[in-house]
$ cat upload_27.txt   # compact mmCIF, C-alpha atoms (C1' of nucleotides)
# COMPACT_ATOMS: atom_id res chain seq x y z
CA MET A 1 0.00 0.00 0.00
CA THR A 2 1.36 3.40 -0.87
CA ASP A 3 1.56 6.32 1.44
CA THR A 4 -1.39 8.63 2.00
CA GLY A 5 0.64 11.60 0.90
CA SER A 6 1.51 12.88 4.33
CA PRO A 7 4.99 14.45 4.44
CA ARG A 8 7.73 11.81 4.32
CA LEU A 9 10.64 11.99 6.73
CA ASP A 10 13.14 11.65 3.89
CA ASP A 11 11.62 14.56 2.04
CA GLN A 12 11.55 16.58 5.23
CA LEU A 13 15.25 15.98 5.84
CA CYS A 14 16.13 16.91 2.27
CA PHE A 15 14.05 20.03 2.51
CA GLY A 16 15.64 20.78 5.88
CA LEU A 17 19.04 20.49 4.28
CA TYR A 18 18.02 22.72 1.40
CA SER A 19 16.55 25.30 3.78
CA ALA A 20 19.53 25.27 6.13
CA SER A 21 21.95 25.68 3.26
CA ARG A 22 20.01 28.62 1.87
CA ALA A 23 19.72 30.21 5.32
CA VAL A 24 23.47 29.99 5.89
CA THR A 25 24.24 31.32 2.42
CA SER A 26 21.83 34.14 3.08
CA LEU A 27 23.66 35.06 6.28
CA TYR A 28 26.98 34.94 4.46
CA ARG A 29 25.51 37.28 1.86
CA VAL A 30 24.99 39.92 4.54
CA VAL A 31 28.30 39.31 6.28
CA LEU A 32 30.31 39.18 3.04
CA ALA A 33 28.70 42.27 1.54
CA ASP A 34 31.43 44.28 3.22
CA LEU A 35 34.09 42.32 1.32
CA ASP A 36 32.19 42.27 -1.97
CA LEU A 37 32.36 38.50 -2.07
CA THR A 38 29.75 35.80 -2.63
CA TYR A 39 29.91 32.65 -0.55
CA PRO A 40 31.49 30.51 -3.30
CA GLN A 41 34.02 33.29 -3.91
CA TYR A 42 34.75 33.35 -0.18
CA LEU A 43 35.35 29.59 -0.27
CA VAL A 44 37.91 30.06 -3.04
CA MET A 45 39.59 32.85 -1.09
CA LEU A 46 39.67 30.67 2.03
CA ALA A 47 41.34 27.91 0.03
CA LEU A 48 43.91 30.38 -1.29
CA TRP A 49 44.54 31.96 2.12
CA GLU A 50 45.14 28.45 3.37
CA GLN A 51 47.56 27.75 0.54
CA ASP A 52 48.40 30.22 -2.18
CA ASP A 53 49.27 29.40 -5.78
CA ARG A 54 46.93 26.61 -6.77
CA LEU A 55 45.88 25.12 -10.04
CA VAL A 56 42.26 25.52 -11.10
CA LYS A 57 42.10 21.74 -11.05
CA GLU A 58 43.22 21.66 -7.40
CA LEU A 59 40.66 24.24 -6.34
CA GLY A 60 38.03 22.26 -8.20
CA ALA A 61 38.97 19.07 -6.39
CA GLU A 62 38.93 20.78 -2.99
CA LEU A 63 35.53 22.44 -3.49
CA SER A 64 34.02 19.80 -5.79
CA LEU A 65 33.39 22.40 -8.45
CA ASP A 66 34.08 21.98 -12.15
CA SER A 67 35.58 24.48 -14.54
CA GLY A 68 32.10 25.49 -15.67
CA THR A 69 31.60 27.06 -12.26
CA LEU A 70 35.17 28.00 -11.39
CA SER A 71 36.33 29.62 -14.62
CA PRO A 72 33.84 32.50 -14.58
CA LEU A 73 34.11 32.82 -10.78
CA LEU A 74 37.90 33.16 -10.99
CA LYS A 75 37.49 35.60 -13.85
CA ARG A 76 35.38 37.77 -11.52
CA LEU A 77 37.92 37.48 -8.68
CA ASP A 78 40.56 38.48 -11.20
CA ALA A 79 38.49 41.42 -12.41
CA ALA A 80 38.06 42.46 -8.76
CA GLY A 81 41.84 42.48 -8.42
CA LEU A 82 41.97 39.73 -5.80
CA VAL A 83 43.72 36.97 -7.73
CA LEU A 84 46.07 36.52 -10.67
CA ARG A 85 45.74 33.83 -13.35
CA ASN A 86 48.82 32.56 -15.09
CA ARG A 87 49.34 29.71 -17.48
CA GLN A 88 51.90 27.31 -16.11
CA ALA A 89 55.09 27.32 -18.17
CA ASP A 90 55.75 23.59 -18.17
CA ASP A 91 52.12 22.70 -18.95
CA GLU A 92 50.24 25.31 -20.88
CA ARG A 93 46.92 23.63 -20.16
CA SER A 94 47.15 24.41 -16.45
CA VAL A 95 46.37 27.78 -14.89
CA ARG A 96 47.87 28.85 -11.60
CA ILE A 97 45.72 31.00 -9.34
CA SER A 98 47.60 33.21 -6.92
CA LEU A 99 46.59 35.95 -4.52
CA SER A 100 47.27 39.57 -5.43
CA ASP A 101 48.36 41.94 -2.66
CA ALA A 102 44.74 43.05 -2.38
CA GLY A 103 43.70 39.41 -2.13
CA LYS A 104 46.18 38.81 0.67
CA ALA A 105 45.14 42.01 2.42
CA LEU A 106 41.47 41.08 2.26
CA ARG A 107 42.17 38.33 4.75
CA GLU A 108 42.32 40.93 7.51
CA LYS A 109 38.74 41.94 6.81
CA ALA A 110 37.66 38.30 6.88
CA VAL A 111 39.17 37.11 10.16
CA GLY A 112 36.05 37.91 12.17
CA ILE A 113 33.61 36.10 9.91
CA PRO A 114 33.81 32.57 11.34
CA ASP A 115 32.99 33.89 14.80
CA VAL A 116 29.92 35.70 13.50
CA ILE A 117 28.73 32.58 11.67
CA GLY A 118 29.48 30.36 14.64
CA ASP A 119 27.54 32.74 16.84
CA ALA A 120 24.55 32.71 14.51
CA MET A 121 24.37 28.93 14.48
CA GLY A 122 23.95 28.79 18.22
CA LEU A 123 25.97 25.61 18.69
CA ASP A 124 28.93 24.89 20.95
CA ALA A 125 32.15 23.37 19.61
CA ALA A 126 30.93 19.84 20.30
CA GLY A 127 27.64 20.47 18.51
CA LEU A 128 29.44 21.99 15.54
CA ALA A 129 31.81 19.04 15.31
CA ARG A 130 29.07 16.45 15.63
CA MET A 131 26.90 18.05 13.00
CA ARG A 132 29.82 18.46 10.63
CA ASP A 133 30.65 14.77 11.02
CA GLU A 134 27.05 13.72 10.43
CA LEU A 135 26.82 15.90 7.35
CA ASP A 136 30.09 14.53 6.00
CA ARG A 137 28.86 10.98 6.50
CA LEU A 138 25.60 11.87 4.76
CA THR A 139 27.47 13.42 1.81
CA GLN A 140 29.70 10.37 1.52
CA SER A 141 26.76 8.02 1.62
CA VAL A 142 24.67 9.95 -0.89
CA ASN A 143 27.54 10.44 -3.31
CA ALA A 144 28.50 6.77 -3.14
CA TYR A 145 24.89 5.78 -3.79
CA ARG A 146 24.56 8.17 -6.73
CA GLU A 147 27.81 7.07 -8.33
CA ALA A 148 26.68 3.44 -8.04
CA LEU A 149 23.32 4.21 -9.67
CA PRO A 150 23.78 5.22 -13.30
CA PRO A 151 26.23 2.79 -14.84
CA ALA A 152 24.00 3.65 -17.81
CA MET B 1 45.96 37.02 18.49
CA THR B 2 44.24 35.88 15.36
CA ASP B 3 44.08 32.32 14.14
CA THR B 4 46.92 30.76 12.19
CA GLY B 5 44.66 30.12 9.27
CA SER B 6 43.96 26.48 9.99
CA PRO B 7 40.44 25.42 8.99
CA ARG B 8 37.80 26.76 11.36
CA LEU B 9 35.07 24.47 12.65
CA ASP B 10 32.37 27.00 11.68
CA ASP B 11 33.63 27.16 8.14
CA GLN B 12 33.84 23.39 8.01
CA LEU B 13 30.26 23.01 9.11
CA CYS B 14 29.05 25.58 6.58
CA PHE B 15 31.02 23.88 3.86
CA GLY B 16 29.66 20.53 5.04
CA LEU B 17 26.16 21.90 4.74
CA TYR B 18 26.87 23.29 1.30
CA SER B 19 28.41 19.99 0.17
CA ALA B 20 25.61 17.85 1.59
CA SER B 21 22.97 20.00 -0.03
CA ARG B 22 24.68 19.78 -3.40
CA ALA B 23 25.15 16.02 -3.05
CA VAL B 24 21.47 15.48 -2.29
CA THR B 25 20.38 17.75 -5.13
CA SER B 26 22.71 15.86 -7.40
CA LEU B 27 21.10 12.56 -6.44
CA TYR B 28 17.64 14.06 -7.01
CA ARG B 29 18.82 15.15 -10.45
CA VAL B 30 19.43 11.53 -11.38
CA VAL B 31 16.28 10.20 -9.74
CA LEU B 32 14.04 12.98 -11.10
CA ALA B 33 15.41 12.74 -14.64
CA ASP B 34 12.73 10.16 -15.31
CA LEU B 35 9.99 12.68 -14.39
CA ASP B 36 11.65 15.60 -16.17
CA LEU B 37 11.64 17.62 -12.96
CA THR B 38 14.31 19.58 -11.13
CA TYR B 39 14.46 19.39 -7.33
CA PRO B 40 12.76 22.78 -6.78
CA GLN B 41 10.07 21.79 -9.28
CA TYR B 42 9.62 18.51 -7.38
CA LEU B 43 9.19 20.50 -4.16
CA VAL B 44 6.40 22.51 -5.76
CA MET B 45 4.74 19.36 -7.05
CA LEU B 46 5.01 17.78 -3.57
CA ALA B 47 3.30 20.84 -2.09
CA LEU B 48 0.52 20.60 -4.69
CA TRP B 49 0.08 16.84 -4.27
CA GLU B 50 -0.27 17.53 -0.58
CA GLN B 51 -2.85 20.23 -1.22
CA ASP B 52 -4.00 21.28 -4.65
CA ASP B 53 -5.11 24.75 -5.69
CA ARG B 54 -2.73 27.11 -3.98
CA LEU B 55 -1.85 30.75 -4.44
CA VAL B 56 1.66 31.58 -5.60
CA LYS B 57 1.98 33.48 -2.34
CA GLU B 58 1.16 30.35 -0.35
CA LEU B 59 3.67 28.22 -2.22
CA GLY B 60 6.23 30.94 -1.67
CA ALA B 61 5.58 30.95 2.07
CA GLU B 62 5.81 27.17 2.31
CA LEU B 63 9.07 26.90 0.38
CA SER B 64 10.53 30.28 1.37
CA LEU B 65 10.83 31.25 -2.27
CA ASP B 66 9.89 34.62 -3.72
CA SER B 67 8.11 35.34 -6.98
CA GLY B 68 11.44 35.95 -8.67
CA THR B 69 12.14 32.25 -8.34
CA LEU B 70 8.61 30.87 -8.43
CA SER B 71 7.14 32.77 -11.37
CA PRO B 72 9.49 31.37 -14.00
CA LEU B 73 9.49 27.93 -12.35
CA LEU B 74 5.69 27.78 -12.45
CA LYS B 75 5.77 29.01 -16.02
CA ARG B 76 7.94 26.00 -16.88
CA LEU B 77 5.64 23.59 -15.01
CA ASP B 78 2.77 25.13 -16.93
CA ALA B 79 4.60 24.75 -20.23
CA ALA B 80 5.28 21.11 -19.30
CA GLY B 81 1.52 20.66 -18.87
CA LEU B 82 1.73 19.80 -15.16
CA VAL B 83 -0.05 22.80 -13.62
CA LEU B 84 -2.58 25.47 -14.53
CA ARG B 85 -2.32 29.14 -13.60
CA ASN B 86 -5.48 31.16 -13.16
CA ARG B 87 -6.06 34.67 -11.88
CA GLN B 88 -8.38 34.61 -8.92
CA ALA B 89 -11.70 36.29 -9.70
CA ASP B 90 -12.18 38.18 -6.44
CA ASP B 91 -8.59 39.44 -6.38
CA GLU B 92 -7.00 39.83 -9.78
CA ARG B 93 -3.56 40.18 -8.22
CA SER B 94 -3.54 36.58 -6.99
CA VAL B 95 -2.81 33.54 -9.14
CA ARG B 96 -4.11 30.08 -8.28
CA ILE B 97 -1.90 27.14 -9.15
CA SER B 98 -3.69 23.85 -9.69
CA LEU B 99 -2.63 20.42 -10.91
CA SER B 100 -3.53 19.34 -14.42
CA ASP B 101 -4.51 15.71 -14.98
CA ALA B 102 -0.93 15.05 -16.07
CA GLY B 103 0.28 16.73 -12.90
CA LYS B 104 -1.93 14.53 -10.76
CA ALA B 105 -0.91 11.43 -12.70
CA LEU B 106 2.76 12.19 -12.26
CA ARG B 107 2.37 11.43 -8.58
CA GLU B 108 2.32 7.73 -9.41
CA LYS B 109 5.78 7.96 -10.91
CA ALA B 110 7.05 9.81 -7.83
CA VAL B 111 5.85 7.54 -5.03
CA GLY B 112 9.06 5.52 -4.96
CA ILE B 113 11.41 8.50 -4.73
CA PRO B 114 11.47 9.06 -0.96
CA ASP B 115 12.48 5.44 -0.42
CA VAL B 116 15.35 5.78 -2.86
CA ILE B 117 16.55 8.97 -1.20
CA GLY B 118 16.12 7.52 2.28
CA ASP B 119 18.12 4.51 1.20
CA ALA B 120 20.91 6.66 -0.19
CA MET B 121 21.25 8.62 3.04
CA GLY B 122 21.94 5.49 5.02
CA LEU B 123 20.10 6.60 8.15
CA ASP B 124 17.36 4.92 10.13
CA ALA B 125 14.11 6.71 10.99
CA ALA B 126 15.53 7.97 14.28
CA GLY B 127 18.65 9.31 12.58
CA LEU B 128 16.58 11.02 9.91
CA ALA B 129 14.32 12.62 12.51
CA ARG B 130 17.18 13.77 14.70
CA MET B 131 19.08 15.31 11.83
CA ARG B 132 15.98 17.02 10.51
CA ASP B 133 15.36 18.54 13.94
CA GLU B 134 18.94 19.71 14.27
CA LEU B 135 18.84 21.28 10.81
CA ASP B 136 15.54 22.99 11.56
CA ARG B 137 16.96 24.42 14.76
CA LEU B 138 20.03 25.61 12.87
CA THR B 139 17.90 27.26 10.20
CA GLN B 140 15.77 28.98 12.83
CA SER B 141 18.82 30.22 14.68
CA VAL B 142 20.63 31.48 11.59
CA ASN B 143 17.56 33.19 10.17
CA ALA B 144 16.77 34.88 13.48
CA TYR B 145 20.37 36.08 13.72
CA ARG B 146 20.38 37.41 10.18
CA GLU B 147 17.08 39.22 10.55
CA ALA B 148 18.37 40.86 13.72
CA LEU B 149 21.56 42.01 12.00
CA PRO B 150 20.80 44.60 9.33
CA PRO B 151 18.22 46.99 10.77
CA ALA B 152 20.23 49.28 8.49
C1' DC C 1 -15.16 59.13 -2.73
C1' DT C 2 -10.31 59.60 -3.39
C1' DC C 3 -5.74 58.65 -3.62
C1' DA C 4 -1.63 57.26 -1.13
C1' DA C 5 0.07 53.12 0.72
C1' DC C 6 0.23 48.55 0.24
C1' DT C 7 0.00 43.80 -1.92
C1' DG C 8 0.80 39.99 -5.33
C1' DA C 9 2.86 38.53 -9.34
C1' DG C 10 5.98 39.22 -12.76
C1' DT C 11 10.50 41.09 -14.95
C1' DT C 12 15.43 42.19 -15.13
C1' DG C 13 20.07 41.47 -14.03
C1' DT C 14 23.81 38.97 -11.51
C1' DG C 15 25.99 34.91 -10.01
C1' DC C 16 26.14 30.09 -8.96
C1' DA C 17 25.72 24.83 -10.46
C1' DC C 18 26.03 21.71 -13.84
C1' DA C 19 25.69 19.15 -18.39
C1' DA C 20 27.57 19.18 -22.75
C1' DC C 21 30.73 20.82 -25.56
C1' DT C 22 35.19 23.04 -27.60
C1' DA C 23 39.95 23.81 -28.08
C1' DA C 24 44.57 23.68 -26.96
C1' DG C 25 48.19 21.11 -24.92
C1' DT C 26 50.34 16.70 -23.36
C1' DT C 27 51.41 11.82 -23.40
C1' DG C 28 52.37 7.26 -24.69
C1' DA C 29 51.53 3.04 -27.46
C1' DG C 30 53.23 1.33 -31.48
C1' DC D 1 58.26 9.94 -34.57
C1' DT D 2 53.32 10.02 -34.87
C1' DC D 3 48.83 10.47 -33.78
C1' DA D 4 44.98 8.84 -31.02
C1' DA D 5 43.62 9.18 -26.35
C1' DC D 6 43.60 11.93 -22.67
C1' DT D 7 43.86 16.21 -19.76
C1' DT D 8 42.92 21.09 -18.50
C1' DA D 9 40.43 25.31 -19.02
C1' DG D 10 37.11 27.62 -20.93
C1' DT D 11 32.37 28.30 -23.34
C1' DT D 12 27.40 27.69 -23.99
C1' DG D 13 22.90 26.93 -22.48
C1' DT D 14 19.46 25.87 -18.76
C1' DG D 15 17.58 26.54 -14.37
C1' DC D 16 17.70 28.07 -9.70
C1' DA D 17 18.21 32.07 -5.95
C1' DC D 18 17.82 36.57 -4.94
C1' DA D 19 17.92 41.81 -5.08
C1' DA D 20 15.72 45.46 -7.17
C1' DC D 21 12.31 46.89 -9.80
C1' DT D 22 7.59 47.40 -12.39
C1' DC D 23 2.76 47.28 -12.65
C1' DA D 24 -1.87 46.19 -11.94
C1' DG D 25 -5.08 45.70 -8.39
C1' DT D 26 -6.76 46.45 -3.64
C1' DT D 27 -7.52 48.87 0.69
C1' DG D 28 -8.29 52.27 4.03
C1' DA D 29 -7.45 56.89 6.18
C1' DG D 30 -9.41 61.16 5.69
$ encode --input "upload_27.txt" --output "structure tokens"
Amino acid sequence: MTDTGSPRLDDQLCFGLYSASRAVTSLYRVVLADLDLTYPQYLVMLALWEQDDRLVKELGAELSLDSGTLSPLLKRLDAAGLVLRNRQADDERSVRISLSDAGKALREKAVGIPDVIGDAMGLDAAGLARMRDELDRLTQSVNAYREALPPA
Amino acid sequence: MTDTGSPRLDDQLCFGLYSASRAVTSLYRVVLADLDLTYPQYLVMLALWEQDDRLVKELGAELSLDSGTLSPLLKRLDAAGLVLRNRQADDERSVRISLSDAGKALREKAVGIPDVIGDAMGLDAAGLARMRDELDRLTQSVNAYREALPPA
DNA sequence: CTCAACTGAGTTGTGCACAACTAAGTTGAG
DNA sequence: CTCAACTTAGTTGTGCACAACTCAGTTGAG
């Protein structure tokens, strides 16, 4: 017998995930307005602040984003004067992304952001860690399932 | 003293949320390909299967989406023959969205989806419920924080 | 009754996310 | 050495998500 149509727990969790993600992005939008960055741009800057001078491919692997998303995003960061893009000499296919002085300097304006976000989430360190672990497990599980699905 | 730059737990959780949401959407993309629906379109159809004949405003409230997102989405569902859009007689500003026969029939093809998604997430009912509750709390907290921020 | 304020839907413009594709560069089997 | 297979970025096209706006329609203070 099929369900009566009452909301399914699975759907509720997915919608909860979708809502939470949009809520957090929406908070970042406000907080990042001062830096003129979007959340995905901030993620790229975080990656570069962590380790400068990365290939587009490496950034893509770290953020799970393909060139279709990254190329125009990096073009905008370049246009904003935050990063430099240079073809690698020994492999002209690759493009190295490095921070400009302005890009390095922007880090100062960003140091306070994690505290604001952490504050807004209303979780202690243990809660943050637990939720992160649960989400990571969920992502792993879902991705594994999806990749096993369409051998089509 | 500021941080050394090592990954912050807050950022990790936000990125975890962002990754999980994209992973789930990506799985829906595969599963919904058969119905020719995107995940947001599926959410609208779910809302209508739950209760037919809704105002755009009501759908927007339920999904936290504004007309800038919903109007074109509903236009596409209309073009696909799944819903009808009619101006309400007693208030010409409002538009009623109702399921076409094809829209109602599509429900049959969708009944198995929650099970597939639930399967992919690898959580039991208790795990699903707990995570949903935690995400809802997070969303509440973040939204409240954001709305309190820019009285600007 | 009137019109200023408000409401609901739609439009425009920007930026992600991703599939599908292109094009240039590299590599290695033969 | 050669060229087919592969790799890396980038482009194109579609569909969200959202801010800012338009516009028709409604409402209520006076």
$ interface_residues --input "upload_27.txt" --of "chain D" --to "chain A" --cutoff "12 Å" --atoms "all atoms listed in the file" --output "count of residues only"
11
$ calpha_fit_and_write --input "upload_27.txt" --fixed "chain B" --moving "chain A" --output "short mmCIF file (atom, residue, chain, number, x, y, z; two decimals) with C-alpha atoms, in the coordinates of the input"
data_model
loop_
_atom_site.label_atom_id
_atom_site.label_comp_id
_atom_site.auth_asym_id
_atom_site.auth_seq_id
_atom_site.Cartn_x
_atom_site.Cartn_y
_atom_site.Cartn_z
CA MET A 1 45.73 36.83 18.71
CA THR A 2 44.16 35.78 15.46
CA ASP A 3 44.00 32.30 14.13
CA THR A 4 46.88 30.77 12.20
CA GLY A 5 44.64 30.11 9.25
CA SER A 6 43.98 26.48 9.95
CA PRO A 7 40.45 25.44 8.92
CA ARG A 8 37.83 26.77 11.34
CA LEU A 9 35.10 24.49 12.63
CA ASP A 10 32.41 26.99 11.67
CA ASP A 11 33.66 27.17 8.12
CA GLN A 12 33.88 23.40 7.99
CA LEU A 13 30.26 23.02 9.10
CA CYS A 14 29.08 25.58 6.56
CA PHE A 15 31.03 23.87 3.84
CA GLY A 16 29.67 20.53 5.03
CA LEU A 17 26.17 21.91 4.73
CA TYR A 18 26.87 23.29 1.27
CA SER A 19 28.40 19.99 0.15
CA ALA A 20 25.61 17.86 1.59
CA SER A 21 22.97 20.02 -0.03
CA ARG A 22 24.66 19.79 -3.41
CA ALA A 23 25.14 16.03 -3.05
CA VAL A 24 21.46 15.50 -2.29
CA THR A 25 20.37 17.77 -5.12
CA SER A 26 22.70 15.86 -7.40
CA LEU A 27 21.07 12.57 -6.43
CA TYR A 28 17.63 14.05 -6.99
CA ARG A 29 18.80 15.16 -10.43
CA VAL A 30 19.40 11.53 -11.38
CA VAL A 31 16.26 10.21 -9.73
CA LEU A 32 14.02 12.97 -11.10
CA ALA A 33 15.38 12.76 -14.64
CA ASP A 34 12.69 10.17 -15.31
CA LEU A 35 9.99 12.69 -14.38
CA ASP A 36 11.64 15.63 -16.15
CA LEU A 37 11.63 17.63 -12.95
CA THR A 38 14.31 19.59 -11.11
CA TYR A 39 14.44 19.40 -7.34
CA PRO A 40 12.76 22.79 -6.77
CA GLN A 41 10.07 21.79 -9.27
CA TYR A 42 9.62 18.53 -7.38
CA LEU A 43 9.18 20.50 -4.15
CA VAL A 44 6.40 22.53 -5.76
CA MET A 45 4.75 19.36 -7.04
CA LEU A 46 5.00 17.79 -3.59
CA ALA A 47 3.31 20.84 -2.10
CA LEU A 48 0.54 20.61 -4.69
CA TRP A 49 0.10 16.85 -4.28
CA GLU A 50 -0.25 17.54 -0.58
CA GLN A 51 -2.84 20.22 -1.23
CA ASP A 52 -3.99 21.27 -4.66
CA ASP A 53 -5.09 24.74 -5.71
CA ARG A 54 -2.71 27.11 -3.99
CA LEU A 55 -1.84 30.73 -4.45
CA VAL A 56 1.66 31.59 -5.60
CA LYS A 57 2.00 33.48 -2.34
CA GLU A 58 1.16 30.33 -0.34
CA LEU A 59 3.67 28.22 -2.22
CA GLY A 60 6.24 30.93 -1.66
CA ALA A 61 5.58 30.96 2.07
CA GLU A 62 5.80 27.17 2.32
CA LEU A 63 9.08 26.90 0.38
CA SER A 64 10.52 30.28 1.37
CA LEU A 65 10.84 31.27 -2.26
CA ASP A 66 9.89 34.64 -3.72
CA SER A 67 8.11 35.35 -6.96
CA GLY A 68 11.44 35.96 -8.67
CA THR A 69 12.13 32.25 -8.33
CA LEU A 70 8.60 30.87 -8.42
CA SER A 71 7.13 32.77 -11.36
CA PRO A 72 9.48 31.37 -14.00
CA LEU A 73 9.48 27.93 -12.34
CA LEU A 74 5.68 27.78 -12.45
CA LYS A 75 5.76 29.01 -16.02
CA ARG A 76 7.94 25.99 -16.87
CA LEU A 77 5.64 23.59 -14.99
CA ASP A 78 2.78 25.14 -16.92
CA ALA A 79 4.62 24.77 -20.22
CA ALA A 80 5.27 21.12 -19.30
CA GLY A 81 1.53 20.66 -18.85
CA LEU A 82 1.72 19.80 -15.16
CA VAL A 83 -0.05 22.79 -13.63
CA LEU A 84 -2.59 25.45 -14.55
CA ARG A 85 -2.34 29.14 -13.62
CA ASN A 86 -5.48 31.15 -13.17
CA ARG A 87 -6.05 34.64 -11.89
CA GLN A 88 -8.39 34.58 -8.94
CA ALA A 89 -11.73 36.21 -9.75
CA ASP A 90 -12.22 38.08 -6.49
CA ASP A 91 -8.62 39.36 -6.40
CA GLU A 92 -7.01 39.76 -9.76
CA ARG A 93 -3.57 40.14 -8.21
CA SER A 94 -3.56 36.54 -6.98
CA VAL A 95 -2.81 33.52 -9.15
CA ARG A 96 -4.11 30.08 -8.29
CA ILE A 97 -1.89 27.14 -9.16
CA SER A 98 -3.68 23.85 -9.69
CA LEU A 99 -2.62 20.43 -10.91
CA SER A 100 -3.53 19.34 -14.43
CA ASP A 101 -4.51 15.71 -14.98
CA ALA A 102 -0.93 15.05 -16.07
CA GLY A 103 0.29 16.74 -12.89
CA LYS A 104 -1.95 14.53 -10.77
CA ALA A 105 -0.92 11.44 -12.71
CA LEU A 106 2.76 12.21 -12.28
CA ARG A 107 2.37 11.44 -8.60
CA GLU A 108 2.32 7.74 -9.43
CA LYS A 109 5.78 7.97 -10.92
CA ALA A 110 7.03 9.81 -7.84
CA VAL A 111 5.82 7.54 -5.04
CA GLY A 112 9.04 5.54 -4.95
CA ILE A 113 11.39 8.50 -4.73
CA PRO A 114 11.45 9.06 -0.96
CA ASP A 115 12.47 5.45 -0.40
CA VAL A 116 15.35 5.78 -2.85
CA ILE A 117 16.54 8.99 -1.19
CA GLY A 118 16.11 7.54 2.28
CA ASP A 119 18.10 4.51 1.20
CA ALA A 120 20.91 6.66 -0.18
CA MET A 121 21.25 8.62 3.04
CA GLY A 122 21.96 5.49 5.02
CA LEU A 123 20.12 6.62 8.14
CA ASP A 124 17.37 4.92 10.13
CA ALA A 125 14.13 6.71 11.01
CA ALA A 126 15.56 7.97 14.29
CA GLY A 127 18.67 9.33 12.60
CA LEU A 128 16.59 11.03 9.93
CA ALA A 129 14.34 12.63 12.53
CA ARG A 130 17.21 13.79 14.70
CA MET A 131 19.10 15.33 11.83
CA ARG A 132 16.00 17.03 10.50
CA ASP A 133 15.36 18.54 13.94
CA GLU A 134 18.95 19.74 14.26
CA LEU A 135 18.86 21.28 10.82
CA ASP A 136 15.56 23.00 11.56
CA ARG A 137 16.98 24.43 14.77
CA LEU A 138 20.06 25.61 12.88
CA THR A 139 17.90 27.28 10.19
CA GLN A 140 15.79 28.99 12.84
CA SER A 141 18.84 30.22 14.68
CA VAL A 142 20.64 31.49 11.60
CA ASN A 143 17.58 33.19 10.17
CA ALA A 144 16.80 34.88 13.48
CA TYR A 145 20.39 36.09 13.73
CA ARG A 146 20.39 37.42 10.16
CA GLU A 147 17.09 39.21 10.55
CA ALA A 148 18.39 40.86 13.73
CA LEU A 149 21.59 42.01 11.98
CA PRO A 150 20.81 44.60 9.32
CA PRO A 151 18.36 47.06 10.81
CA ALA A 152 20.32 49.26 8.40
#
$ residues_near_point --input "upload_27.txt" --point "(39.1, 30.2, 1.3)" --cutoff "10 Å" --atoms "all atoms listed in the file" --output "ChimeraX atom specification"
/A:39-52,59,63,107,110 /B:5,7,11
$ residues_around --input "upload_27.txt" --residues "C:DC3" --least-positions-apart "3" --cutoff "12 Å" --atoms "only C-alpha atoms (C1' of nucleotides)" --output "list in words"
DT27, DG28, DA29 and DG30 of chain D
$ atom_distance --input "upload_27.txt" --atom1 "atom CA of B:Leu99" --atom2 "atom CA of A:Cys14"
23.2 Å
$ closest_atom_pairs --input "upload_27.txt" --of "chain C" --to "chain A" --cutoff "9 Å" --atoms "all atoms listed in the file" --output "Markdown table"
| residue | atom | partner | partner_atom | distance |
| --- | --- | --- | --- | --- |
| C:DG15 | C1' | A:Thr38 | CA | 8.3 |
| C:DC16 | C1' | A:Thr69 | CA | 7.1 |
| C:DA17 | C1' | A:Thr69 | CA | 6.5 |
| C:DC18 | C1' | A:Gly68 | CA | 7.4 |
| C:DA24 | C1' | A:Arg93 | CA | 7.2 |
| C:DG25 | C1' | A:Arg93 | CA | 5.5 |
| C:DT26 | C1' | A:Asp91 | CA | 7.7 |
$ interface_residues --input "upload_27.txt" --of "chain A" --to "chain B" --cutoff "8 Å" --atoms "all atoms listed in the file" --output "JSON, numbers by chain"
{"A": [2, 3, 5, 6, 7, 8, 9, 10, 11, 12, 13, 14, 16, 17, 18, 19, 20, 21, 23, 24, 26, 27, 30, 49, 50, 111, 114, 115, 117, 118, 120, 121, 122, 125, 128, 129, 131, 132, 135, 136, 138, 139, 141, 142, 143, 145, 146, 150]}
$ residues_around --input "upload_27.txt" --residues "D:DC3" --least-positions-apart "4" --cutoff "12 Å" --atoms "only C-alpha atoms (C1' of nucleotides)" --output "PyMOL selection string"
chain C and resi 27-30
$ closest_residue --input "upload_27.txt" --among "A:Glu58, A:Leu106, A:Ser100, A:Asp90" --to "A:Asp78" --atoms "all atoms listed in the file"
A:Ser100
$ atom_distance --input "upload_27.txt" --atom1 "atom CA of A:Leu32" --atom2 "atom CA of A:Ser98"
20.8 Å
$ atom_distance --input "upload_27.txt" --atom1 "atom CA of A:Ala33" --atom2 "atom CA of A:Ala61"
26.6 Å
$ closest_residue --input "upload_27.txt" --among "A:Ala102, A:Ile97, A:Ala89, A:Leu35" --to "A:Gly60" --atoms "all atoms listed in the file"
A:Ile97
$ closest_residue --input "upload_27.txt" --among "D:DC21, D:DT26, D:DT14, D:DC6" --to "C:DC6" --atoms "all atoms listed in the file"
D:DT26
